[in-house]
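Q: Could you have a look at this structure, given as structure tokens, before my questions?
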Amino acid sequence: MRNHLLPIIVAFVLASPIHAQLYTPNVPKPAPNASKEQWMHYYDQVLGGTPAPSAARDTTNFPSSVEIFTQLSNESWAKGLQPIPATVIDKGILRNVPYNSYKSGDYEVNVYGDLQNPAGVEIGIYRGLLDNDFAKQHCFEFMLSILPNQKSREILKTLDRRKDSATSDGLTLEFTPPTDADAYGGWWISAYFSNRLDAARASEKDLAEITVPEESPTPVSGWSDSDMLYAKTLSLSPEVKVASLTIGRDEYKNAYITKRNPAEATIYHSTGVAVYPIEQLGAGLQEQLGFDPKAAQAYRASRAVVQRSNNYETTAVSTQRSSDSQTNAPEQRVYDRDYQTYVGPRGGVYHYSASGNKVYQRHR
């Protein structure tokens, strides 16, 4: 009886979906001595993770921003992808280059410059994913899939993921650790054309026309106060990890607490984001976040003035002066939501607001 059943069992296993996944003929199995990254790549493919990049696409351009974000939203590890305020970057090669930003959990992807023909793309991770090798592998495979050509993909594979860079044919590929000043606390893989970034770089005057203060976004900007919780801070803020945190009747698990301004702490937790006055945290947490009661009082006073003002220009100036004189922190600005940008035939940079109205046009 057992001898008769054996062929049936074998036939069933060979026909099962699991067998089809584990023995996919188009996915070569790594050698026994392959690296951890190679094995992670293999299992991601056979189990329905990030697909292997196609070597057929060989161009000098990235996909458009729409194509990039659409592709990312289809990844199983990037569910719930949503646009977030793109903070004006004030240092490094990406300084003052307009961009669009999307996040999914602690993953973030940014597309810089011309949204139809991007000057650069970066993908990275924050907080709870910083020590997650699978998350880094997801970012690595995704970047491979959108790089312009096979040559750039092969170069990326040779770089040290801890910190490294290489430039070929005008395209720079770079791994940036969270400790770098321009990393804003994240681990990043970046790819960019320096000449295209320079063509898209905005002046301070230009930025004033296409951005809004983070602390007082106007309705026309398209961003709400809750949206602003996801904006990057201009500098690395103190960050404290807490397994469990109770504030009043609220309890948060796996929390990361960051001081986002002198008066309030932002708590990233297992189910979302919350903001509390720093005074409501324990004395130990206040000390770790560098809480200064006088700075908090000055900040709240300046924000009250801003909220009473109906004039947007007065609001921006008041916020800047108060920030400079009382908290010594630079004003943080974010781009209007869903703006569109492209580089014109003579090098002009054009920006559109969420409403579709042209808000800035200039030829270099």
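Chain labels run A, B, ... following the order of the structure tokens; each chain numbers its residues from 1, and ligands are numbered from 1 in the order shown.
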Name the residues of stretch 135-208 of chain A that fall into alpha helix (DSSP H) according to DSSP on the backbone, using the chain letters and numbers of this document, as a ChimeraX atom specification.

A: /A:135-146,150-158,194-200,204-208

Q: Take the residues from that selection and write them out as a tab-separated table (two decimals), in the first residue's frame, keeping N, CA, C and O atoms.

A:
chain	number	residue	atom	x	y	z
A	135	ALA	N	15.89	44.65	5.37
A	135	ALA	CA	15.43	45.96	4.91
A	135	ALA	C	16.48	46.60	4.01
A	135	ALA	O	16.15	47.20	2.97
A	136	LYS	N	17.75	46.49	4.38
A	136	LYS	CA	18.81	47.04	3.54
A	136	LYS	C	18.88	46.31	2.20
A	136	LYS	O	19.12	46.93	1.15
A	137	GLN	N	18.65	45.00	2.22
A	137	GLN	CA	18.66	44.25	0.98
A	137	GLN	C	17.50	44.67	0.07
A	137	GLN	O	17.64	44.76	-1.15
A	138	HIS	N	16.34	44.93	0.67
A	138	HIS	CA	15.21	45.42	-0.12
A	138	HIS	C	15.56	46.74	-0.82
A	138	HIS	O	15.26	46.93	-2.00
A	139	CYS	N	16.17	47.65	-0.07
A	139	CYS	CA	16.58	48.93	-0.66
A	139	CYS	C	17.59	48.70	-1.77
A	139	CYS	O	17.51	49.33	-2.84
A	140	PHE	N	18.54	47.82	-1.55
A	140	PHE	CA	19.57	47.52	-2.53
A	140	PHE	C	18.97	46.97	-3.82
A	140	PHE	O	19.27	47.42	-4.93
A	141	GLU	N	18.07	45.99	-3.70
A	141	GLU	CA	17.45	45.40	-4.88
A	141	GLU	C	16.57	46.40	-5.62
A	141	GLU	O	16.54	46.41	-6.86
A	142	PHE	N	15.90	47.26	-4.85
A	142	PHE	CA	15.05	48.25	-5.51
A	142	PHE	C	15.90	49.25	-6.29
A	142	PHE	O	15.57	49.60	-7.42
A	143	MET	N	17.00	49.70	-5.71
A	143	MET	CA	17.87	50.62	-6.43
A	143	MET	C	18.44	49.97	-7.68
A	143	MET	O	18.52	50.61	-8.74
A	144	LEU	N	18.82	48.71	-7.60
A	144	LEU	CA	19.30	48.00	-8.79
A	144	LEU	C	18.26	48.04	-9.90
A	144	LEU	O	18.59	48.20	-11.08
A	145	SER	N	16.99	47.89	-9.52
A	145	SER	CA	15.93	47.79	-10.52
A	145	SER	C	15.64	49.11	-11.24
A	145	SER	O	15.02	49.10	-12.30
A	146	ILE	N	16.06	50.26	-10.67
A	146	ILE	CA	15.76	51.55	-11.32
A	146	ILE	C	17.00	52.25	-11.85
A	146	ILE	O	16.88	53.33	-12.44
A	150	GLN	N	23.07	48.45	-17.04
A	150	GLN	CA	23.72	47.31	-16.40
A	150	GLN	C	25.07	47.69	-15.80
A	150	GLN	O	25.47	47.16	-14.75
A	151	LYS	N	25.79	48.59	-16.43
A	151	LYS	CA	27.09	49.01	-15.92
A	151	LYS	C	26.95	49.61	-14.52
A	151	LYS	O	27.72	49.28	-13.61
A	152	SER	N	25.97	50.48	-14.34
A	152	SER	CA	25.77	51.09	-13.02
A	152	SER	C	25.33	50.06	-11.99
A	152	SER	O	25.70	50.14	-10.82
A	153	ARG	N	24.56	49.08	-12.42
A	153	ARG	CA	24.14	48.03	-11.48
A	153	ARG	C	25.33	47.21	-11.01
A	153	ARG	O	25.44	46.85	-9.83
A	154	GLU	N	26.23	46.90	-11.93
A	154	GLU	CA	27.41	46.12	-11.56
A	154	GLU	C	28.31	46.91	-10.60
A	154	GLU	O	28.90	46.33	-9.68
A	155	ILE	N	28.42	48.21	-10.82
A	155	ILE	CA	29.25	49.03	-9.93
A	155	ILE	C	28.66	49.06	-8.52
A	155	ILE	O	29.38	48.95	-7.52
A	156	LEU	N	27.33	49.22	-8.42
A	156	LEU	CA	26.68	49.28	-7.11
A	156	LEU	C	26.96	48.00	-6.32
A	156	LEU	O	27.15	48.04	-5.10
A	157	LYS	N	27.00	46.87	-6.99
A	157	LYS	CA	27.22	45.60	-6.31
A	157	LYS	C	28.61	45.51	-5.68
A	157	LYS	O	28.82	44.71	-4.76
A	158	THR	N	29.55	46.30	-6.17
A	158	THR	CA	30.92	46.23	-5.65
A	158	THR	C	31.16	47.13	-4.45
A	158	THR	O	32.20	47.02	-3.79
A	194	SER	N	25.48	64.65	-11.02
A	194	SER	CA	25.82	65.93	-10.41
A	194	SER	C	25.44	67.11	-11.30
A	194	SER	O	24.95	68.14	-10.81
A	195	ASN	N	25.64	66.99	-12.62
A	195	ASN	CA	25.31	68.12	-13.50
A	195	ASN	C	23.81	68.38	-13.52
A	195	ASN	O	23.38	69.54	-13.62
A	196	ARG	N	23.01	67.36	-13.42
A	196	ARG	CA	21.55	67.55	-13.41
A	196	ARG	C	21.10	68.15	-12.07
A	196	ARG	O	20.15	68.94	-12.03
A	197	LEU	N	21.76	67.75	-11.00
A	197	LEU	CA	21.44	68.35	-9.70
A	197	LEU	C	21.74	69.84	-9.72
A	197	LEU	O	20.96	70.66	-9.22
A	198	ASP	N	22.87	70.22	-10.30
A	198	ASP	CA	23.24	71.63	-10.38
A	198	ASP	C	22.24	72.41	-11.20
A	198	ASP	O	21.91	73.57	-10.88
A	199	ALA	N	21.73	71.81	-12.27
A	199	ALA	CA	20.74	72.49	-13.12
A	199	ALA	C	19.42	72.70	-12.40
A	199	ALA	O	18.69	73.66	-12.68
A	200	ALA	N	19.10	71.81	-11.46
A	200	ALA	CA	17.82	71.90	-10.75
A	200	ALA	C	17.93	72.65	-9.43
A	200	ALA	O	16.91	72.95	-8.80
A	204	GLU	N	18.04	80.76	-2.80
A	204	GLU	CA	17.26	81.03	-1.59
A	204	GLU	C	15.97	81.76	-1.94
A	204	GLU	O	14.92	81.51	-1.34
A	205	LYS	N	16.04	82.66	-2.90
A	205	LYS	CA	14.84	83.38	-3.32
A	205	LYS	C	13.84	82.43	-3.94
A	205	LYS	O	12.63	82.52	-3.67
A	206	ASP	N	14.32	81.51	-4.77
A	206	ASP	CA	13.44	80.53	-5.40
A	206	ASP	C	12.76	79.66	-4.35
A	206	ASP	O	11.55	79.38	-4.43
A	207	LEU	N	13.52	79.25	-3.36
A	207	LEU	CA	12.97	78.38	-2.34
A	207	LEU	C	11.83	79.03	-1.58
A	207	LEU	O	10.86	78.37	-1.19
A	208	ALA	N	11.93	80.33	-1.38
A	208	ALA	CA	10.88	81.05	-0.67
A	208	ALA	C	9.55	80.99	-1.42
A	208	ALA	O	8.48	81.08	-0.82

Q: Set the distance at 8 Å and use only C-alpha atoms: which residues neighbour stretch 271-281 of chain A once local chain neighbours fewer than 6 positions away are removed? I'd like the list as an MDAnalysis selection string.

A: chainID A and resid 229 247 263:265 291

Q: Using DSSP on the backbone, list every residue of stretch 32-235 of chain A that comes out as strand (DSSP E), and give them as a ChimeraX atom specification.

A: /A:82-84,99-104,107-112,120-125,164-168,171-176,187-193,211-213

Q: Keeping C-alpha atoms for every residue in the selection just given, could you write it to a file as a PDB file, in the first residue's frame?

A:
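Produced file selection-v6.pdb, reproduced below:
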ATOM      1  CA  GLN A  82       2.311  57.797   1.104  1.00  0.00           C
ATOM      2  CA  PRO A  83       3.663  61.248   0.191  1.00  0.00           C
ATOM      3  CA  ILE A  84       5.327  63.153   3.022  1.00  0.00           C
ATOM      4  CA  TYR A  99      12.342  66.746  -4.651  1.00  0.00           C
ATOM      5  CA  ASN A 100       9.321  64.606  -3.881  1.00  0.00           C
ATOM      6  CA  SER A 101       9.334  62.248  -0.906  1.00  0.00           C
ATOM      7  CA  TYR A 102       7.341  59.107  -0.071  1.00  0.00           C
ATOM      8  CA  LYS A 103       7.429  56.817   2.972  1.00  0.00           C
ATOM      9  CA  SER A 104       6.215  53.375   3.982  1.00  0.00           C
ATOM     10  CA  TYR A 107      11.321  53.159   4.456  1.00  0.00           C
ATOM     11  CA  GLU A 108      11.685  56.409   2.482  1.00  0.00           C
ATOM     12  CA  VAL A 109      12.340  57.143  -1.186  1.00  0.00           C
ATOM     13  CA  ASN A 110      13.127  60.569  -2.688  1.00  0.00           C
ATOM     14  CA  VAL A 111      13.200  61.688  -6.321  1.00  0.00           C
ATOM     15  CA  TYR A 112      15.202  64.854  -7.106  1.00  0.00           C
ATOM     16  CA  GLY A 120      18.794  61.615  -8.654  1.00  0.00           C
ATOM     17  CA  VAL A 121      17.023  58.984  -6.580  1.00  0.00           C
ATOM     18  CA  GLU A 122      17.659  57.735  -3.063  1.00  0.00           C
ATOM     19  CA  ILE A 123      16.062  55.079  -0.910  1.00  0.00           C
ATOM     20  CA  GLY A 124      16.726  54.564   2.765  1.00  0.00           C
ATOM     21  CA  ILE A 125      15.587  53.354   6.152  1.00  0.00           C
ATOM     22  CA  ASP A 164      31.213  53.967  -0.027  1.00  0.00           C
ATOM     23  CA  SER A 165      30.778  55.752  -3.350  1.00  0.00           C
ATOM     24  CA  ALA A 166      31.830  55.565  -6.991  1.00  0.00           C
ATOM     25  CA  THR A 167      31.274  57.703 -10.090  1.00  0.00           C
ATOM     26  CA  SER A 168      31.092  56.507 -13.688  1.00  0.00           C
ATOM     27  CA  LEU A 171      26.501  58.962 -12.377  1.00  0.00           C
ATOM     28  CA  THR A 172      27.482  58.781  -8.696  1.00  0.00           C
ATOM     29  CA  LEU A 173      26.450  55.760  -6.613  1.00  0.00           C
ATOM     30  CA  GLU A 174      26.707  56.105  -2.861  1.00  0.00           C
ATOM     31  CA  PHE A 175      26.016  54.343   0.439  1.00  0.00           C
ATOM     32  CA  THR A 176      25.584  56.798   3.338  1.00  0.00           C
ATOM     33  CA  TRP A 187      20.878  54.753   6.046  1.00  0.00           C
ATOM     34  CA  TRP A 188      20.751  55.629   2.344  1.00  0.00           C
ATOM     35  CA  ILE A 189      21.532  54.336  -1.117  1.00  0.00           C
ATOM     36  CA  SER A 190      21.790  57.267  -3.538  1.00  0.00           C
ATOM     37  CA  ALA A 191      22.287  57.558  -7.280  1.00  0.00           C
ATOM     38  CA  TYR A 192      22.571  60.949  -8.965  1.00  0.00           C
ATOM     39  CA  PHE A 193      23.954  62.939 -11.870  1.00  0.00           C
ATOM     40  CA  THR A 211       8.273  76.117   0.095  1.00  0.00           C
ATOM     41  CA  VAL A 212       6.460  76.846   3.367  1.00  0.00           C
ATOM     42  CA  PRO A 213       7.670  77.004   6.997  1.00  0.00           C
TER      43      PRO A 213
END

Q: Mind pulling up the distance from atom CA of A:Leu130 to atom CA of A:Pro178?

A: 8.3 Å

Q: For A:Pro293, which residue among A:Lys253, A:Pro262, A:Glu214, A:Val242 is the nearest when counting only C-alpha atoms?

A: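 The closest residue to A:Pro293 is A:Pro262.
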
Q: In Å, rounded to a single decimal, give me how far atom CA of A:Arg161 is from atom CA of A:Ala231.

A: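 A separation of 25.3 Å between them.
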
Q: Could you give me, as a PyMOL selection string, the residues within 7 Å of A:Phe62, counting only C-alpha atoms and dropping anything in the same chain fewer than 2 positions from it?

A: chain A and resi 64+117-118+146-148

Q: From the options A:Gly105, A:Val334, A:Gln286, A:Ser203, which residue's atoms come nearest to A:Tyr268, counting only C-alpha atoms?

A: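 That would be A:Gly105, the residue with the smallest distance to A:Tyr268.
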
Q: Using only C-alpha atoms, which protein or nucleic acid residues come within 7 Å of A:Asn96? Drop anything in the same chain fewer than 5 positions from it, and give the result as a list of chain:residue names.

A: A:Val88, A:Ile89, A:Asp90, A:Arg201, A:Ala202

Q: Hey, can you spit out that residue selection with N, CA, C and O atoms as a short mmCIF file (atom, residue, chain, number, x, y, z; two decimals), in the first residue's frame?

A:
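Below is the file that was written, again_25.cif:
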data_model
loop_
_atom_site.label_atom_id
_atom_site.label_comp_id
_atom_site.auth_asym_id
_atom_site.auth_seq_id
_atom_site.Cartn_x
_atom_site.Cartn_y
_atom_site.Cartn_z
N VAL A 88 13.53 70.86 2.94
CA VAL A 88 14.61 71.46 2.16
C VAL A 88 15.94 71.02 2.76
O VAL A 88 16.22 71.27 3.93
N ILE A 89 16.75 70.35 1.97
CA ILE A 89 18.06 69.88 2.43
C ILE A 89 19.04 71.04 2.37
O ILE A 89 19.18 71.69 1.33
N ASP A 90 19.75 71.29 3.47
CA ASP A 90 20.59 72.48 3.56
C ASP A 90 22.08 72.17 3.54
O ASP A 90 22.89 73.05 3.81
N ARG A 201 19.14 72.98 -9.00
CA ARG A 201 19.34 73.59 -7.69
C ARG A 201 18.70 74.98 -7.64
O ARG A 201 18.92 75.82 -8.51
N ALA A 202 17.91 75.24 -6.61
CA ALA A 202 17.20 76.52 -6.47
C ALA A 202 17.98 77.48 -5.60
O ALA A 202 18.72 77.08 -4.69
#

Q: A:Leu289: which residues within 9 Å, counting only C-alpha atoms, same-chain residues fewer than 3 positions away excluded, as a ChimeraX atom specification?

A: /A:237-240,257-259,265,278,284-286

Q: Give me, please, the distance in Å between atom CA of A:Pro98 and atom CA of A:Tyr299, quoted to one decimal.

A: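 Going from atom CA of A:Pro98 over to atom CA of A:Tyr299 covers 28.2 Å.
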